[in-house]
>>> print(open('start-v7.cif').read())   # mmCIF, C-alpha atoms
data_upload
#
loop_
_atom_site.group_PDB
_atom_site.id
_atom_site.type_symbol
_atom_site.label_atom_id
_atom_site.label_comp_id
_atom_site.auth_asym_id
_atom_site.auth_seq_id
_atom_site.Cartn_x
_atom_site.Cartn_y
_atom_site.Cartn_z
ATOM 1 C CA MET T 7 -13.191 28.521 70.923
ATOM 2 C CA VAL T 8 -16.702 27.401 70.055
ATOM 3 C CA ILE T 9 -16.516 29.209 66.731
ATOM 4 C CA ILE T 10 -13.109 27.688 65.941
ATOM 5 C CA ALA T 11 -14.359 24.221 66.856
ATOM 6 C CA PHE T 12 -17.427 24.732 64.651
ATOM 7 C CA ILE T 13 -15.234 25.800 61.719
ATOM 8 C CA LEU T 14 -12.939 22.790 62.173
ATOM 9 C CA ILE T 15 -15.888 20.384 62.308
ATOM 10 C CA SER T 16 -17.394 21.971 59.198
ATOM 11 C CA LEU T 17 -14.103 21.634 57.347
ATOM 12 C CA LEU T 18 -13.777 18.005 58.370
ATOM 13 C CA ILE T 19 -17.341 17.236 57.250
ATOM 14 C CA GLY T 20 -16.742 19.055 53.977
ATOM 15 C CA PHE T 21 -13.489 17.225 53.347
ATOM 16 C CA GLY T 22 -15.135 13.904 54.198
ATOM 17 C CA TRP T 23 -18.011 14.550 51.789
ATOM 18 C CA PHE T 24 -15.581 15.597 49.041
ATOM 19 C CA SER T 25 -13.475 12.469 49.622
ATOM 20 C CA TYR T 26 -16.573 10.252 49.568
ATOM 21 C CA ASN T 27 -17.837 11.744 46.313
ATOM 22 C CA LYS T 28 -14.401 11.489 44.741
ATOM 23 C CA ALA T 29 -14.065 7.836 45.756
ATOM 24 C CA ALA T 30 -17.591 7.018 44.622
ATOM 25 C CA HIS T 31 -17.039 8.432 41.148
ATOM 26 C CA THR T 32 -13.356 7.808 40.410
ATOM 27 C CA LYS T 33 -14.118 4.622 38.484
ATOM 28 C CA TRP T 34 -16.789 6.154 36.251
ATOM 29 C CA GLN T 35 -15.200 7.878 33.267
ATOM 30 C CA VAL T 36 -16.825 10.574 31.176
ATOM 31 C CA PRO T 37 -15.941 11.519 27.579
ATOM 32 C CA ARG T 38 -13.413 14.323 27.218
ATOM 33 C CA GLU T 39 -12.457 13.926 23.555
ATOM 34 C CA PRO T 40 -14.456 14.881 20.431
ATOM 35 C CA PHE T 41 -16.373 12.043 18.822
ATOM 36 C CA PRO T 42 -14.165 10.675 15.980
ATOM 37 C CA GLU T 43 -15.396 11.225 12.434
ATOM 38 C CA GLN T 44 -14.558 7.603 11.588
ATOM 39 C CA TRP T 45 -16.950 6.461 14.339
ATOM 40 C CA LYS T 46 -19.712 8.670 12.913
ATOM 41 C CA SER T 47 -19.194 7.146 9.490
ATOM 42 C CA ILE T 48 -19.465 3.578 10.828
ATOM 43 C CA LEU T 49 -22.586 4.381 12.829
ATOM 44 C CA ASN T 50 -24.259 6.027 9.832
ATOM 45 C CA GLN T 51 -23.521 2.996 7.678
ATOM 46 C CA GLU T 52 -24.254 0.246 10.174
ATOM 47 C CA VAL T 53 -26.763 1.482 12.771
ATOM 48 C CA LEU T 54 -30.137 2.459 11.340
ATOM 49 C CA PHE T 55 -31.327 3.849 14.672
ATOM 50 C CA TYR T 56 -28.430 6.343 14.728
ATOM 51 C CA SER T 57 -28.902 7.439 11.117
ATOM 52 C CA SER T 58 -32.586 8.179 11.849
ATOM 53 C CA LEU T 59 -31.728 10.736 14.578
ATOM 54 C CA ASP T 60 -31.539 14.482 14.109
ATOM 55 C CA GLU T 61 -28.211 16.227 14.722
ATOM 56 C CA THR T 62 -28.896 17.063 18.358
ATOM 57 C CA GLU T 63 -29.973 13.490 19.080
ATOM 58 C CA LYS T 64 -26.928 12.142 17.274
ATOM 59 C CA GLN T 65 -24.641 14.169 19.519
ATOM 60 C CA ARG T 66 -26.387 12.745 22.594
ATOM 61 C CA PHE T 67 -26.119 9.220 21.183
ATOM 62 C CA GLU T 68 -22.408 9.758 20.495
ATOM 63 C CA ILE T 69 -21.717 10.885 24.054
ATOM 64 C CA LYS T 70 -23.504 7.811 25.389
ATOM 65 C CA ILE T 71 -21.484 5.579 23.039
ATOM 66 C CA GLN T 72 -18.208 7.112 24.243
ATOM 67 C CA GLU T 73 -19.249 6.827 27.871
ATOM 68 C CA PHE T 74 -20.199 3.174 27.481
ATOM 69 C CA LEU T 75 -16.921 2.261 25.791
ATOM 70 C CA LEU T 76 -14.904 4.140 28.414
ATOM 71 C CA ASN T 77 -16.523 2.139 31.203
ATOM 72 C CA CYS T 78 -17.030 -1.282 29.623
ATOM 73 C CA ARG T 79 -14.356 -3.407 27.933
ATOM 74 C CA ILE T 80 -15.156 -5.314 24.739
ATOM 75 C CA THR T 81 -12.961 -8.424 24.672
ATOM 76 C CA GLY T 82 -12.690 -11.020 21.936
ATOM 77 C CA VAL T 83 -12.336 -14.683 22.908
ATOM 78 C CA LYS T 84 -10.456 -16.432 20.099
ATOM 79 C CA THR T 85 -11.709 -13.760 17.728
ATOM 80 C CA GLU T 86 -10.541 -10.279 16.787
ATOM 81 C CA VAL T 87 -12.612 -7.298 17.869
ATOM 82 C CA SER T 88 -12.821 -4.487 15.337
ATOM 83 C CA LEU T 89 -13.879 -0.897 15.908
ATOM 84 C CA ARG T 90 -17.105 -1.785 14.103
ATOM 85 C CA ASP T 91 -17.761 -4.610 16.587
ATOM 86 C CA LYS T 92 -17.227 -2.263 19.527
ATOM 87 C CA LEU T 93 -19.576 0.337 18.098
ATOM 88 C CA LEU T 94 -22.267 -2.273 17.420
ATOM 89 C CA VAL T 95 -22.064 -3.554 20.999
ATOM 90 C CA ALA T 96 -22.225 -0.012 22.369
ATOM 91 C CA SER T 97 -25.144 0.872 20.079
ATOM 92 C CA SER T 98 -27.019 -2.211 21.286
ATOM 93 C CA ALA T 99 -26.582 -0.935 24.828
ATOM 94 C CA ILE T 100 -27.600 2.645 24.102
ATOM 95 C CA ILE T 101 -30.664 2.095 21.878
ATOM 96 C CA PRO T 102 -32.921 0.744 24.679
ATOM 97 C CA ILE T 103 -31.976 3.470 27.182
ATOM 98 C CA PHE T 104 -31.739 6.394 24.758
ATOM 99 C CA GLY T 105 -34.906 7.896 26.255
ATOM 100 C CA PHE T 106 -33.204 8.300 29.640
ATOM 101 C CA ASP T 107 -30.511 10.966 29.780
ATOM 102 C CA TYR T 108 -28.840 9.875 33.009
ATOM 103 C CA TRP T 109 -28.835 6.096 32.620
ATOM 104 C CA LYS T 110 -25.511 4.400 33.330
ATOM 105 C CA TYR T 111 -24.683 0.691 32.887
ATOM 106 C CA THR T 112 -22.950 0.377 36.227
ATOM 107 C CA THR T 113 -23.620 -3.369 36.531
ATOM 108 C CA VAL T 114 -21.592 -4.503 33.518
ATOM 109 C CA HIS T 115 -17.866 -3.926 33.091
ATOM 110 C CA GLU T 116 -17.015 -6.290 30.231
ATOM 111 C CA VAL T 117 -18.634 -7.783 27.141
ATOM 112 C CA LEU T 118 -17.009 -10.964 25.826
ATOM 113 C CA LEU T 119 -17.382 -11.593 22.109
ATOM 114 C CA TYR T 120 -17.316 -15.270 21.177
ATOM 115 C CA PRO T 121 -16.767 -16.226 17.534
ATOM 116 C CA ASP T 122 -19.939 -18.335 17.413
ATOM 117 C CA MET T 123 -22.793 -19.717 19.474
ATOM 118 C CA PHE T 124 -21.862 -21.424 22.752
ATOM 119 C CA ASP T 125 -23.217 -23.898 25.280
ATOM 120 C CA GLU T 126 -24.105 -23.601 28.978
ATOM 121 C CA ASN T 127 -20.452 -24.191 29.893
ATOM 122 C CA PHE T 128 -19.385 -21.286 27.648
ATOM 123 C CA GLN T 129 -17.848 -23.671 25.091
ATOM 124 C CA PHE T 130 -18.026 -22.704 21.417
ATOM 125 C CA GLU T 131 -16.026 -25.596 20.012
ATOM 126 C CA GLY T 132 -16.493 -29.346 19.919
ATOM 127 C CA ASP T 133 -19.617 -31.497 19.728
ATOM 128 C CA SER T 134 -21.623 -29.898 22.550
ATOM 129 C CA ASP T 135 -25.111 -28.486 22.030
ATOM 130 C CA ARG T 136 -24.107 -24.926 21.157
ATOM 131 C CA ARG T 137 -27.308 -22.892 20.797
ATOM 132 C CA ILE T 138 -26.761 -19.871 23.070
ATOM 133 C CA LEU T 139 -26.371 -16.536 21.266
ATOM 134 C CA GLY T 140 -25.995 -14.242 24.248
ATOM 135 C CA MET T 141 -26.031 -14.320 28.036
ATOM 136 C CA VAL T 142 -26.000 -11.939 30.997
ATOM 137 C CA GLY T 143 -23.605 -13.414 33.546
ATOM 138 C CA ASN T 144 -24.266 -13.994 37.233
ATOM 139 C CA GLN T 145 -22.414 -15.347 40.272
ATOM 140 C CA SER T 146 -18.806 -15.894 39.133
ATOM 141 C CA MET T 147 -19.649 -14.135 35.835
ATOM 142 C CA GLU T 148 -21.381 -11.169 37.482
ATOM 143 C CA GLY T 149 -20.775 -7.944 35.576
ATOM 144 C CA ILE T 150 -19.985 -9.773 32.339
ATOM 145 C CA MET T 151 -22.073 -10.244 29.209
ATOM 146 C CA ILE T 152 -21.303 -12.796 26.509
ATOM 147 C CA LEU T 153 -22.363 -12.322 22.890
ATOM 148 C CA SER T 154 -21.847 -14.286 19.711
ATOM 149 C CA LYS T 155 -19.924 -12.006 17.364
ATOM 150 C CA GLU T 156 -21.599 -13.441 14.277
ATOM 151 C CA THR T 157 -25.061 -12.959 15.752
ATOM 152 C CA LEU T 158 -24.170 -9.407 16.834
ATOM 153 C CA ASN T 159 -23.355 -8.564 13.229
ATOM 154 C CA LEU T 160 -26.404 -10.359 11.855
ATOM 155 C CA GLY T 161 -28.656 -8.315 14.160
ATOM 156 C CA PHE T 162 -27.601 -5.125 12.376
ATOM 157 C CA LYS T 163 -27.140 -6.620 8.895
ATOM 158 C CA ASN T 164 -30.666 -8.042 8.604
ATOM 159 C CA GLU T 165 -33.008 -5.175 9.432
ATOM 160 C CA SER T 166 -36.338 -6.826 8.589
ATOM 161 C CA ASP T 167 -36.415 -9.866 10.880
ATOM 162 C CA LYS T 168 -37.531 -8.197 14.172
ATOM 163 C CA GLN T 169 -34.495 -9.656 15.932
ATOM 164 C CA ASN T 170 -31.334 -8.260 17.464
ATOM 165 C CA THR T 171 -29.664 -10.528 20.014
ATOM 166 C CA ALA T 172 -27.430 -7.835 21.516
ATOM 167 C CA ILE T 173 -30.394 -5.552 22.224
ATOM 168 C CA HIS T 174 -32.157 -8.616 23.661
ATOM 169 C CA GLU T 175 -29.359 -9.157 26.188
ATOM 170 C CA PHE T 176 -29.047 -5.500 27.169
ATOM 171 C CA VAL T 177 -32.784 -5.417 27.876
ATOM 172 C CA HIS T 178 -32.177 -8.378 30.219
ATOM 173 C CA LEU T 179 -29.496 -6.265 31.911
ATOM 174 C CA ILE T 180 -31.915 -3.345 32.270
ATOM 175 C CA ASP T 181 -34.522 -5.742 33.677
ATOM 176 C CA LYS T 182 -31.931 -7.022 36.150
ATOM 177 C CA SER T 183 -31.073 -3.536 37.457
ATOM 178 C CA ASP T 184 -33.890 -3.693 40.044
ATOM 179 C CA GLY T 185 -32.463 -6.906 41.506
ATOM 180 C CA GLU T 186 -34.084 -9.646 39.437
ATOM 181 C CA ILE T 187 -34.718 -10.577 35.815
ATOM 182 C CA ASP T 188 -38.496 -10.995 35.836
ATOM 183 C CA GLY T 189 -39.858 -9.106 32.835
ATOM 184 C CA LEU T 190 -40.878 -6.144 35.023
ATOM 185 C CA PRO T 191 -38.229 -3.422 34.605
ATOM 186 C CA LYS T 192 -39.269 -1.466 37.704
ATOM 187 C CA VAL T 193 -36.553 1.158 37.178
ATOM 188 C CA LEU T 194 -38.248 2.157 33.913
ATOM 189 C CA MET T 195 -41.893 1.187 34.381
ATOM 190 C CA ASP T 196 -44.346 3.250 36.427
ATOM 191 C CA LYS T 197 -46.368 1.109 38.847
ATOM 192 C CA GLN T 198 -49.618 1.991 37.074
ATOM 193 C CA TYR T 199 -48.446 0.129 33.951
ATOM 194 C CA ALA T 200 -47.322 -3.072 35.692
ATOM 195 C CA LEU T 201 -50.717 -4.798 35.743
ATOM 196 C CA PRO T 202 -51.643 -3.911 32.113
ATOM 197 C CA TRP T 203 -48.165 -5.123 31.092
ATOM 198 C CA LEU T 204 -48.597 -8.485 32.819
ATOM 199 C CA GLU T 205 -52.048 -8.861 31.274
ATOM 200 C CA GLN T 206 -50.609 -8.233 27.805
ATOM 201 C CA ILE T 207 -47.853 -10.783 28.375
ATOM 202 C CA SER T 208 -50.400 -13.411 29.438
ATOM 203 C CA LYS T 209 -52.689 -12.648 26.514
ATOM 204 C CA GLU T 210 -49.951 -12.733 23.897
ATOM 205 C CA THR T 211 -48.298 -15.837 25.347
ATOM 206 C CA GLU T 212 -51.566 -17.714 24.835
ATOM 207 C CA ARG T 213 -51.624 -16.531 21.227
ATOM 208 C CA ILE T 214 -48.037 -17.716 20.737
ATOM 209 C CA TYR T 215 -48.909 -21.180 22.066
ATOM 210 C CA ALA T 216 -51.912 -21.235 19.730
ATOM 211 C CA GLU T 217 -49.602 -20.289 16.824
ATOM 212 C CA LYS T 218 -51.640 -17.145 16.178
ATOM 213 C CA SER T 219 -48.882 -14.618 16.854
ATOM 214 C CA ASP T 220 -46.027 -13.279 14.757
ATOM 215 C CA ILE T 221 -43.922 -12.730 17.909
ATOM 216 C CA ASN T 222 -40.865 -14.996 18.232
ATOM 217 C CA PRO T 223 -42.062 -18.132 20.096
ATOM 218 C CA TYR T 224 -39.073 -17.867 22.421
ATOM 219 C CA GLY T 225 -40.932 -14.981 24.034
ATOM 220 C CA ALA T 226 -43.359 -17.495 25.544
ATOM 221 C CA THR T 227 -40.563 -19.055 27.643
ATOM 222 C CA ASN T 228 -41.167 -16.683 30.563
ATOM 223 C CA ARG T 229 -41.912 -13.021 31.305
ATOM 224 C CA ALA T 230 -38.254 -11.990 31.136
ATOM 225 C CA GLU T 231 -37.786 -13.497 27.692
ATOM 226 C CA PHE T 232 -41.045 -11.964 26.519
ATOM 227 C CA LEU T 233 -39.795 -8.506 27.502
ATOM 228 C CA SER T 234 -36.516 -8.961 25.635
ATOM 229 C CA VAL T 235 -38.112 -10.536 22.556
ATOM 230 C CA ILE T 236 -40.814 -7.882 22.218
ATOM 231 C CA SER T 237 -38.205 -5.166 22.792
ATOM 232 C CA GLU T 238 -36.269 -6.447 19.779
ATOM 233 C CA TYR T 239 -39.489 -6.169 17.770
ATOM 234 C CA PHE T 240 -40.118 -2.649 19.139
ATOM 235 C CA PHE T 241 -36.713 -1.316 18.097
ATOM 236 C CA GLU T 242 -36.407 -3.251 14.826
ATOM 237 C CA ARG T 243 -39.946 -3.031 13.372
ATOM 238 C CA PRO T 244 -41.918 -0.448 15.402
ATOM 239 C CA LYS T 245 -44.528 0.378 12.763
ATOM 240 C CA LEU T 246 -45.312 -3.281 12.192
ATOM 241 C CA LEU T 247 -45.565 -3.826 15.954
ATOM 242 C CA GLU T 248 -47.946 -0.885 16.305
ATOM 243 C CA GLU T 249 -50.060 -2.255 13.463
ATOM 244 C CA LYS T 250 -50.278 -5.819 14.768
ATOM 245 C CA HIS T 251 -50.034 -5.231 18.536
ATOM 246 C CA PRO T 252 -51.124 -1.635 19.291
ATOM 247 C CA GLU T 253 -51.582 -2.173 23.054
ATOM 248 C CA LEU T 254 -48.142 -3.746 23.428
ATOM 249 C CA TYR T 255 -46.583 -1.007 21.358
ATOM 250 C CA GLU T 256 -48.206 1.709 23.491
ATOM 251 C CA LEU T 257 -46.904 0.149 26.705
ATOM 252 C CA LEU T 258 -43.392 -0.215 25.284
ATOM 253 C CA GLU T 259 -43.394 3.461 24.344
ATOM 254 C CA LYS T 260 -44.026 4.241 28.005
ATOM 255 C CA ILE T 261 -41.433 1.746 29.279
ATOM 256 C CA PHE T 262 -38.613 2.992 27.038
ATOM 257 C CA ASN T 263 -39.768 6.620 26.782
ATOM 258 C CA GLN T 264 -39.358 6.535 23.006
ATOM 259 C CA LYS T 265 -41.809 7.015 20.149
ATOM 260 C CA MET T 266 -40.199 4.614 17.713
ATOM 261 C CA THR T 267 -42.820 5.046 14.988
ATOM 262 C CA ASP T 268 -41.714 8.687 14.676
ATOM 263 C CA ARG T 269 -38.286 7.544 13.546
ATOM 264 C CA LYS T 270 -37.650 7.226 9.832
ATOM 265 C CA LEU T 271 -36.356 3.685 9.755
ATOM 266 C CA ALA T 272 -35.944 2.849 6.068
ATOM 267 C CA LYS T 273 -35.530 -0.888 6.367
ATOM 268 C CA LYS T 274 -33.285 -2.807 4.000
ATOM 269 C CA ARG T 275 -35.133 -6.076 3.587
ATOM 270 C CA THR T 276 -32.909 -9.092 3.288
ATOM 271 C CA GLN T 277 -34.316 -12.344 1.948
ATOM 272 C CA ILE T 278 -32.236 -15.298 3.101
ATOM 273 C CA GLY T 279 -33.250 -18.852 2.243
ATOM 274 C CA ARG T 280 -32.743 -21.708 4.686
ATOM 275 C CA ASN T 281 -30.232 -23.349 2.354
ATOM 276 C CA ASP T 282 -28.456 -20.158 1.288
ATOM 277 C CA PRO T 283 -24.836 -19.599 2.384
ATOM 278 C CA CYS T 284 -24.788 -18.000 5.827
ATOM 279 C CA VAL T 285 -24.383 -14.217 5.891
ATOM 280 C CA CYS T 286 -21.415 -14.547 8.267
ATOM 281 C CA ASP T 287 -19.338 -16.233 5.537
ATOM 282 C CA SER T 288 -18.766 -19.351 7.634
ATOM 283 C CA GLY T 289 -19.260 -21.594 4.594
ATOM 284 C CA GLU T 290 -22.245 -23.348 6.202
ATOM 285 C CA LYS T 291 -25.879 -23.157 5.200
ATOM 286 C CA PHE T 292 -27.890 -20.399 6.876
ATOM 287 C CA LYS T 293 -30.186 -22.896 8.663
ATOM 288 C CA HIS T 294 -27.176 -24.603 10.288
ATOM 289 C CA CYS T 295 -25.405 -21.406 11.333
ATOM 290 C CA CYS T 296 -26.734 -17.942 12.200
ATOM 291 C CA GLY T 297 -30.177 -18.914 10.921
ATOM 292 C CA SER T 298 -30.768 -21.054 13.968
ATOM 293 C CA SER T 299 -31.229 -17.829 15.948
ATOM 294 C CA HIS T 300 -34.532 -17.327 14.124
ATOM 295 C CA TYR T 301 -35.960 -20.484 15.604
ATOM 296 C CA LYS T 302 -34.002 -21.472 18.732
ATOM 297 C CA LYS T 303 -32.911 -18.481 20.764
ATOM 298 C CA SER T 304 -31.324 -19.013 24.190
#
>>> encode(input="start-v7.cif", output="structure tokens")
Amino acid sequence: MVIIAFILISLLIGFGWFSYNKAAHTKWQVPREPFPEQWKSILNQEVLFYSSLDETEKQRFEIKIQEFLLNCRITGVKTEVSLRDKLLVASSAIIPIFGFDYWKYTTVHEVLLYPDMFDENFQFEGDSDRRILGMVGNQSMEGIMILSKETLNLGFKNESDKQNTAIHEFVHLIDKSDGEIDGLPKVLMDKQYALPWLEQISKETERIYAEKSDINPYGATNRAEFLSVISEYFFERPKLLEEKHPELYELLEKIFNQKMTDRKLAKKRTQIGRNDPCVCDSGEKFKHCCGSSHYKKS
């Protein structure tokens, strides 16, 4: 009887553990289909980071792209969402965490693409002060990210400006994964690097205020914005960052577990004048449209 009771208890425990694991992972989907050739073509044309990878790395990037798109919706708000848009959003998510094989974006389930910049009330039409390019939601918007579609595309079209708003927002999301957005991504950063990191932020913020830094001034807003701004620089212009800010570059290599200067990023430099037509074909001047992201990022 004791043996039978023991067997029954073991079976019940085993069944309970199986049921728990099944319930805990039913919502997370994993890729089961081959990566489409059309997707590869778009990534090679549009995402410089992807085209710089070797074949083994590309396969890993592709799996991460599929996994992200299976578990996060990309929804257009008064704008159409193309396959290219979806792949650019997914690439923006994967680039910062590519150095971590098991990373999953479990805290975001939808990315809303707005046609243009928006205000604090999520309005992108009318006479309001619309200067926000991207936002990680909280409270009633928890689990949702909002991005300007035009700015998303500009981030990948202009590869020489050290800016990519979508990467900026996903770094905020990574920062938030330890419970708060504070510029200290504890899930990625070893404790031994925290103090040197804070010292570098303080040092460079002073240089920004003194107008002696080439880092986007928006990075001086607070530590969280500094992390996201310098991360854009790290992934867009790593060799320039290493040249001008070697200590920051070295710390970012450790945070993201990626040696970006080893990547062959052949930048296509795009010269856009303030009064040139905007690259998004809106009909407005660059300084009044997507160009505002170069000076007033929110």
>>> closest_residue(input="start-v7.cif", among="T:Ala200, T:Leu75, T:Met151, T:Ala172", to="Lys110 in chain T", atoms="all atoms listed in the file")
T:Leu75
>>> resolve_selection(input="start-v7.cif", expression="the PyMOL selection byres ((chain T and resi 189-199) around 10)", output="ChimeraX atom specification")
/T:103,106,177-188,200-204,207,228-234,257-258,260-263
>>> resolve_selection(input="start-v7.cif", expression="the PyMOL selection byres ((chain T and resi 269) around 8)", output="list in words")
Phe55, Ser58, Leu59, Lys265, Met266, Thr267, Asp268, Lys270 and Leu271 of chain T
>>> closest_residue(input="start-v7.cif", among="T:Tyr108, T:Phe124, T:Phe240, T:Phe162", to="Lys70 in chain T", atoms="all atoms listed in the file")
T:Tyr108
>>> closest_residue(input="start-v7.cif", among="T:Arg38, T:Lys218, T:Lys163, T:His174", to="Leu54 in chain T", atoms="all atoms listed in the file")
T:Lys163
>>> residues_around(input="start-v7.cif", residues="range 241-250 of chain T", least_positions_apart="4", cutoff="8 Å", atoms="only C-alpha atoms", output="list in words")
Ile101, Pro102, Glu165, Ser166, Asp167, Lys168, Gln169, Asn170, Ser237, Leu254, Tyr255, Glu256, Met266 and Thr267 of chain T
>>> residues_around(input="start-v7.cif", residues="Glu210 in chain T", least_positions_apart="6", cutoff="9 Å", atoms="all atoms listed in the file", output="list of chain:residue names")
T:Ser219, T:Ile221, T:Ala226
>>> closest_residue(input="start-v7.cif", among="T:Val114, T:Gln206, T:Tyr215, T:Val53", to="Met147 in chain T", atoms="all atoms listed in the file")
T:Val114
>>> atom_distance(input="start-v7.cif", atom1="CA of Val36 in chain T", atom2="CA of Glu73 in chain T")
5.6 Å
>>> closest_residue(input="start-v7.cif", among="T:Phe74, T:Gln44, T:Gly143, T:Glu212", to="Trp109 in chain T", atoms="all atoms listed in the file")
T:Phe74
>>> resolve_selection(input="start-v7.cif", expression="the PyMOL selection byres ((chain T and resi 158) around 12)", output="count of residues only")
45
>>> closest_residue(input="start-v7.cif", among="T:Asp220, T:Glu126, T:Glu116, T:Glu39", to="Glu148 in chain T", atoms="only C-alpha atoms")
T:Glu116
>>> axis_aligned_box(input="start-v7.cif", around="range 52-70 of chain T", padding_each_side="8 Å", output="JSON")
{"center_x": -27.2, "center_y": 8.7, "center_z": 17.8, "size_x": 26.9, "size_y": 32.8, "size_z": 31.2}
>>> atom_distance(input="start-v7.cif", atom1="CA of Thr211 in chain T", atom2="CA of Thr227 in chain T")
8.7 Å
>>> atom_distance(input="start-v7.cif", atom1="CA of Gln35 in chain T", atom2="CA of Glu238 in chain T")
28.8 Å
